[in-house]
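*Asks:* Next up is a structure, given as structure tokens.
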Amino acid sequence: MEAYASSASLPSLICSHRSKPKFANSHSSSVPTAPSQPLLRTTTSSKFKLFSSPVSVEVPLEAADASATAAFSSGDEEKFDWYSQWYPVMPVCDLDERVPHAKKVLGMDVVVWWDRNENAWKVFDDMCPHRLAPLSEGRIDPSGRLQCVYHGWCFDGSGDCKLIPQAPLDGPPVHTSKRACVAVYPAIVHHDIVWFWPNSDPQYKDIFEKKKPPFIPELGDPSFTKIIGNRDVPYGYDVLIENLADPAHLPYAHYGLPSIERKTALVFMCIPVSPGHSRLIWVFPRNFDVWVDKVLPRWMTHMGTNLLLDSDLYLLHIEERKIKEIGPENWQKACFLPAKSDGLVVGFRRWFNKYADSEVDWRGKYTGELPPTPPREQLMDRYWTHVVNCSSCNCAYKCLNAAEIILKVVAVAIIGVVAATKQGVITASTRTGLAILAALCYAASKWLAHFVYDNFRYHDYNHSFPEKVMLFLRIFGLGIAL
């Protein structure tokens, strides 16, 4: 098994599995490194390698925990600049070109929209300069411009205001004022994902030419097929990163998880959204045939991924609050981490404390307090955290709900026909058959309603009885491999 991570340029985690992992004692993931952009790579061989330009260090695997910790403290003493990095916003496949989309990254409200005049995705500040209304509630006008629906102001792909309907035609061109412009952030489509640079200063207009988003070989290889998805989770970026950097929890938190036997890759991108809230984008690239690729639609593979996320969602939500109580800087004093498999988690926490002062730089947008814990059904909600943001799952949700209604209507219609038909017009066996069909349609509608709620709304994961969940994962293979 191989694992890659490079997140001085992006807070993300990239894991590439090459063989069946030994979860209990292996370092199968990595975490953000010091600001000098090192790359951490671990393998199942007897050596642990750290590649950090311009140095390369090789130490025995037995010392991997110590070397990982040392790696994160190497380099200069600069603090990590959260606003000089590329961040993934959303997969292109989950963005509708016909409407603007509201997103939040680093506490910043942005609107993502398709500029058909430039054939490019744009990322703007989600605020109209007129009365501060959210532009994400607007529309794309017939000329392909982003229009605020409050007063109709229109903006082109450069953020310039092109129309103020209330301004007199024979008056001064007030729409050309700089105060009428919207802040525009550099944006690029990379690996089929929209990325943006969270700084609208003109000096970063061509930042892509100087600093590119991380390149992942599997995602850039056309011979690989990809399953991609996203979900918002109710815990912070730091907790999400350390969870993905901790392979030792897999056999227990995800009890019975099918083994990954073939060459595949798991790519996870972690995005800080707000305190106690982060976004995970996952990509599973493959260059071999798996039956799920040919048979199952994307939304079915997402059901398996969501089950895995649900299995430790509550645990991580509570863990974050415990860390907040003791103080992130005292994390290692409160937690006992004697195993080698804890090395990357320790390394990340030390990096986070040293280079980020134990917190994401929200630039004063938040007080630092975590939101209160909601009811369990709201905490583990899937609809607002995934379904509405996934084109495949959203379409399936609407279609399955329609199918449920149709089945109920058919059941009622059949009963009505049977009841209205006079005795002797149809045989007793036909009448019985129609009654059975009506009962089956109604039973199918009730089952479908339960299926939709359980997979698109809320699924309460019980660690004492994981057999049903893991049977599902074994059948559908998580969309990774069987």
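Simple scheme: letters A, B, ... for chains in structure tokens order, numbers from 1 for residues in each chain, numbers from 1 for ligands in the order shown.
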Leaving out Asn306 (chain A) and any residue of its chain fewer than 3 positions from it, which residues lie within 10 Å of it when counting only C-alpha atoms, given as a PDB file with N, CA and C atoms, in the first residue's frame?
*Replies:*
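And here is the file that came out, out.pdb:
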```pdb
ATOM      1  N   GLY A 229     -17.461  12.068  -5.290  1.00  0.00           N
ATOM      2  CA  GLY A 229     -18.581  12.477  -4.455  1.00  0.00           C
ATOM      3  C   GLY A 229     -18.149  13.521  -3.452  1.00  0.00           C
ATOM      4  N   ASN A 230     -19.115  14.040  -2.705  1.00  0.00           N
ATOM      5  CA  ASN A 230     -18.817  15.051  -1.698  1.00  0.00           C
ATOM      6  C   ASN A 230     -19.830  14.969  -0.566  1.00  0.00           C
ATOM      7  N   ARG A 231     -19.412  15.408   0.607  1.00  0.00           N
ATOM      8  CA  ARG A 231     -20.335  15.476   1.742  1.00  0.00           C
ATOM      9  C   ARG A 231     -19.809  16.463   2.778  1.00  0.00           C
ATOM     10  N   THR A 301     -23.260   3.760  -5.353  1.00  0.00           N
ATOM     11  CA  THR A 301     -21.933   3.685  -4.729  1.00  0.00           C
ATOM     12  C   THR A 301     -21.813   4.718  -3.614  1.00  0.00           C
ATOM     13  N   HIS A 302     -22.512   5.848  -3.755  1.00  0.00           N
ATOM     14  CA  HIS A 302     -22.487   6.862  -2.700  1.00  0.00           C
ATOM     15  C   HIS A 302     -23.176   6.369  -1.435  1.00  0.00           C
ATOM     16  N   MET A 303     -24.151   5.473  -1.560  1.00  0.00           N
ATOM     17  CA  MET A 303     -24.802   4.933  -0.370  1.00  0.00           C
ATOM     18  C   MET A 303     -23.795   4.204   0.499  1.00  0.00           C
ATOM     19  N   LEU A 309     -19.051   6.944   6.287  1.00  0.00           N
ATOM     20  CA  LEU A 309     -18.931   8.227   6.961  1.00  0.00           C
ATOM     21  C   LEU A 309     -19.820   8.287   8.198  1.00  0.00           C
ATOM     22  N   ASP A 310     -21.008   7.683   8.114  1.00  0.00           N
ATOM     23  CA  ASP A 310     -21.920   7.678   9.260  1.00  0.00           C
ATOM     24  C   ASP A 310     -21.364   6.875  10.433  1.00  0.00           C
ATOM     25  N   SER A 311     -20.569   5.845  10.125  1.00  0.00           N
ATOM     26  CA  SER A 311     -20.154   4.918  11.171  1.00  0.00           C
ATOM     27  C   SER A 311     -19.284   5.569  12.238  1.00  0.00           C
ATOM     28  N   ARG A 382     -28.380  13.194   5.943  1.00  0.00           N
ATOM     29  CA  ARG A 382     -27.713  13.003   4.652  1.00  0.00           C
ATOM     30  C   ARG A 382     -28.250  13.935   3.575  1.00  0.00           C
ATOM     31  N   HIS A 386     -25.434  15.989   1.752  1.00  0.00           N
ATOM     32  CA  HIS A 386     -24.939  15.292   0.568  1.00  0.00           C
ATOM     33  C   HIS A 386     -25.909  15.322  -0.613  1.00  0.00           C
ATOM     34  N   ASN A 455     -31.639   5.859   3.210  1.00  0.00           N
ATOM     35  CA  ASN A 455     -30.428   6.079   2.413  1.00  0.00           C
ATOM     36  C   ASN A 455     -30.239   7.519   1.944  1.00  0.00           C
ATOM     37  N   PHE A 456     -31.288   8.320   1.985  1.00  0.00           N
ATOM     38  CA  PHE A 456     -31.171   9.695   1.508  1.00  0.00           C
ATOM     39  C   PHE A 456     -31.481  10.729   2.590  1.00  0.00           C
ATOM     40  N   HIS A 459     -29.766   7.695   8.560  1.00  0.00           N
ATOM     41  CA  HIS A 459     -29.498   6.301   8.934  1.00  0.00           C
ATOM     42  C   HIS A 459     -28.739   6.319  10.253  1.00  0.00           C
ATOM     43  N   LEU A 478     -18.873  -0.945  -1.878  1.00  0.00           N
ATOM     44  CA  LEU A 478     -18.510   0.433  -1.614  1.00  0.00           C
ATOM     45  C   LEU A 478     -18.169   1.178  -2.887  1.00  0.00           C
TER      46      LEU A 478
END
```
*Asks:* Quick one: which region 185-283 of chain A residues come within 12 Å of region 99-119 of chain A, and what is the nearest atom pair for each with the distance in Å to one decimal, counting only C-alpha atoms, rows ordered by chain and ascending number, as a tab-separated table?
*Replies:*
```
residue	atom	partner	partner_atom	distance
A:Tyr185	CA	A:Val110	CA	9.0
A:Pro186	CA	A:Val112	CA	11.5
A:Ala187	CA	A:Val112	CA	9.5
A:Ile188	CA	A:Val112	CA	11.4
A:Val189	CA	A:Asn119	CA	11.3
A:Ile193	CA	A:Val112	CA	12.0
A:Val194	CA	A:Val112	CA	8.8
A:Trp195	CA	A:Val112	CA	10.2
A:Phe196	CA	A:Val105	CA	9.7
A:Trp197	CA	A:Val105	CA	10.4
A:Pro198	CA	A:Met108	CA	8.3
A:Asn199	CA	A:Met108	CA	10.5
A:Ser200	CA	A:Val110	CA	11.6
A:Asp232	CA	A:Lys104	CA	10.6
A:Gly236	CA	A:Leu106	CA	11.1
A:Tyr237	CA	A:Leu106	CA	10.0
A:Cys270	CA	A:Val105	CA	10.7
A:Ile271	CA	A:Val105	CA	6.9
A:Pro272	CA	A:Leu106	CA	5.4
A:Val273	CA	A:Val105	CA	4.5
A:Ser274	CA	A:Gly107	CA	5.0
A:Pro275	CA	A:Gly107	CA	8.3
A:Gly276	CA	A:Gly107	CA	11.1
A:His277	CA	A:Gly107	CA	9.7
A:Ser278	CA	A:Val105	CA	8.5
A:Arg279	CA	A:Val105	CA	8.7
A:Leu280	CA	A:Val105	CA	11.7
```
*Asks:* Just to confirm, what's the straight-line distance from CA of Ile281 (chain A) to CA of Phe268 (chain A) in Å (one decimal)?
*Replies:*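 Computing the Euclidean distance for CA of Ile281 (chain A) and CA of Phe268 (chain A) yields 5.8 Å.
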*Asks:* Please report, as a PyMOL selection string, each residue of region 300-405 of chain A to which DSSP assigns alpha helix (DSSP H) when run on this structure's backbone.
*Replies:* chain A and resi 300-311+313-326+331-334+343-356+376-379+391-405
